[in-house]
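Worksheet: one structure, shown below.
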Amino acid sequence: MPFLIDGIERNCGSHTIPAGFVSAMAPYGTAANQPTWTNAQIHDVIVDKNRRDMQALFPASQFAVDQHQTSACNGWAKANAITRVRKLAGHDDGWVGSGSFIYAQMNGGRDRGSILEDGMLDDHGCCSITLNPYDRIFTNQISESAWQDAAKHRALRAYRAVNRQGWDSGLATGLYIGIAAVHVDESWNGMKGGRPPVAKGPGNHAVCIEDIRWDANNQRFEYLMQNSWSAKWGMDGRCWLTWAHLAQPFLNHVSYLIPATREVV
C-alpha cells in the first residue's frame with residue numbers, strides 16, 4: 001500500500017506505518033514536529049571522551065554473525081540491533097539474537113529477501129542464535145524452545161528516521177541502534193579495512209548501525225556498521241560508512257531506530 005515519505009508517495013509492500021511509529025527521533029514519537037539536535041550538538045556529544053565504545057562492548061569474537069549464503073540480511077540486521085539494545089539496557093548475559101528466526105517471519109516461505117520495513121513492523125520477538133542457527137530460515141524449522149525464547153525478547157518499538165538530522169540525532173544520544181539499507185557490489189566482497197567503496201544504487205543489503213562518530217580529518221560524521229558476513233569481513237565484521245553510503249538507500253527504504261528498553265519476560 002503506498003504511503004507518503006517526505007511528501008513523495010512510495011510503495012513499501014503491503015504495510016503502512018502505524019500512527020505513533022513515524023518519528024525523526026524516538027523520544028518524540030507522537031509529536032507533530034519532532035525536535036532534533038543541531039550538528040554542533042551532535043558533534044559535542046559524540047566527541048566526548050567518556051562516550052561508550054561499541055566495538056569494545058560487542059567484541060567480534062562473541063557478537064559477529066554470518067548469514068552465510070542466505071538472503072537473510074534483514075533478519076540479521078534486526079537481530080544485531082536487538083542484541084545490542086538488550087545489553088545497553090543492562091542484560092549483560094552474552095545472549096546473541098538469531099537473524100534467521102526473524103527472517104523466517106518475513107520471507108513468506110521463500111529465501112528471496114525482504115523489504116527493510118518488514119523488520120520494523122512485524123516484531124515476533126527474537127530467540128537466541130543457539131536455538132535457531134543460520135540455516136533455519138523457515139517457520140517450519142523453528143523449535144518450540146526457540147518460539148518460547150523469542151517471546152521473552154519482543155515489544156521493541158521501532159521509530160522511523162524521517163530525515164538525516166533525525167537519524168544522526170537518534171544515534172548521537174547513545175540510546176538507540178539503527179537499521180538501514182546500503183547498496184553493495186563486487187567491491188565489497190572480501191573487503192579488508194575500515195571503509196568500503198560507495199556503490200551507487202537504491203539499497204540491496206540491510207545492516208545494523210551501532211554508532212556515529214566525528215571524522216576530524218574529513219570534517220564529517222561517520223557511522224559504525226555491523227555487518228552479517230562473519231568476523232572475517234572488513235574490520236572484524238564491521239566498517240565505517242559515510243552519509244554517501246546511506247543517502248540513496250535512505251530515500252528508498254524505511255530506516256529506523258530501536259531504543260534500549262526493558263524487555264518483556
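Ordering of the C-alpha cells sets the chain letters (A, B, ...), residue numbers begin anew at 1 in every chain, and ligands are numbered from 1 in the order given.
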If you run DSSP on the backbone here, which positions in stretch 93-221 of chain A get strand (DSSP E)? Please write them as a PDB file with C-alpha atoms, in the first residue's frame.
```
ATOM      1  CA  TYR A 159      10.819   4.609  15.123  1.00  0.00           C
ATOM      2  CA  ARG A 160      11.329   5.643  11.535  1.00  0.00           C
ATOM      3  CA  TYR A 176      19.322   3.806  20.023  1.00  0.00           C
ATOM      4  CA  ILE A 177      20.609   1.323  17.481  1.00  0.00           C
ATOM      5  CA  GLY A 178      19.871   1.964  13.821  1.00  0.00           C
ATOM      6  CA  ILE A 179      18.823  -0.313  10.985  1.00  0.00           C
ATOM      7  CA  ALA A 180      19.416   0.878   7.448  1.00  0.00           C
ATOM      8  CA  ALA A 181      19.929  -0.267   3.884  1.00  0.00           C
ATOM      9  CA  VAL A 182      23.142   0.120   1.936  1.00  0.00           C
ATOM     10  CA  HIS A 205      21.598  -5.040   1.866  1.00  0.00           C
ATOM     11  CA  ALA A 206      20.232  -4.478   5.387  1.00  0.00           C
ATOM     12  CA  VAL A 207      22.678  -3.642   8.164  1.00  0.00           C
ATOM     13  CA  CYS A 208      22.831  -2.646  11.815  1.00  0.00           C
ATOM     14  CA  ILE A 209      24.251   0.802  12.557  1.00  0.00           C
ATOM     15  CA  GLU A 210      25.804   0.813  16.015  1.00  0.00           C
ATOM     16  CA  ASP A 211      27.077   4.340  16.433  1.00  0.00           C
ATOM     17  CA  ILE A 212      28.042   7.691  14.945  1.00  0.00           C
ATOM     18  CA  ARG A 213      31.459   9.408  15.179  1.00  0.00           C
ATOM     19  CA  TRP A 214      33.163  12.590  14.006  1.00  0.00           C
ATOM     20  CA  ASP A 215      35.866  12.232  11.357  1.00  0.00           C
ATOM     21  CA  ARG A 220      32.069  14.770   8.622  1.00  0.00           C
ATOM     22  CA  PHE A 221      30.019  12.275  10.595  1.00  0.00           C
TER      23      PHE A 221
END
```
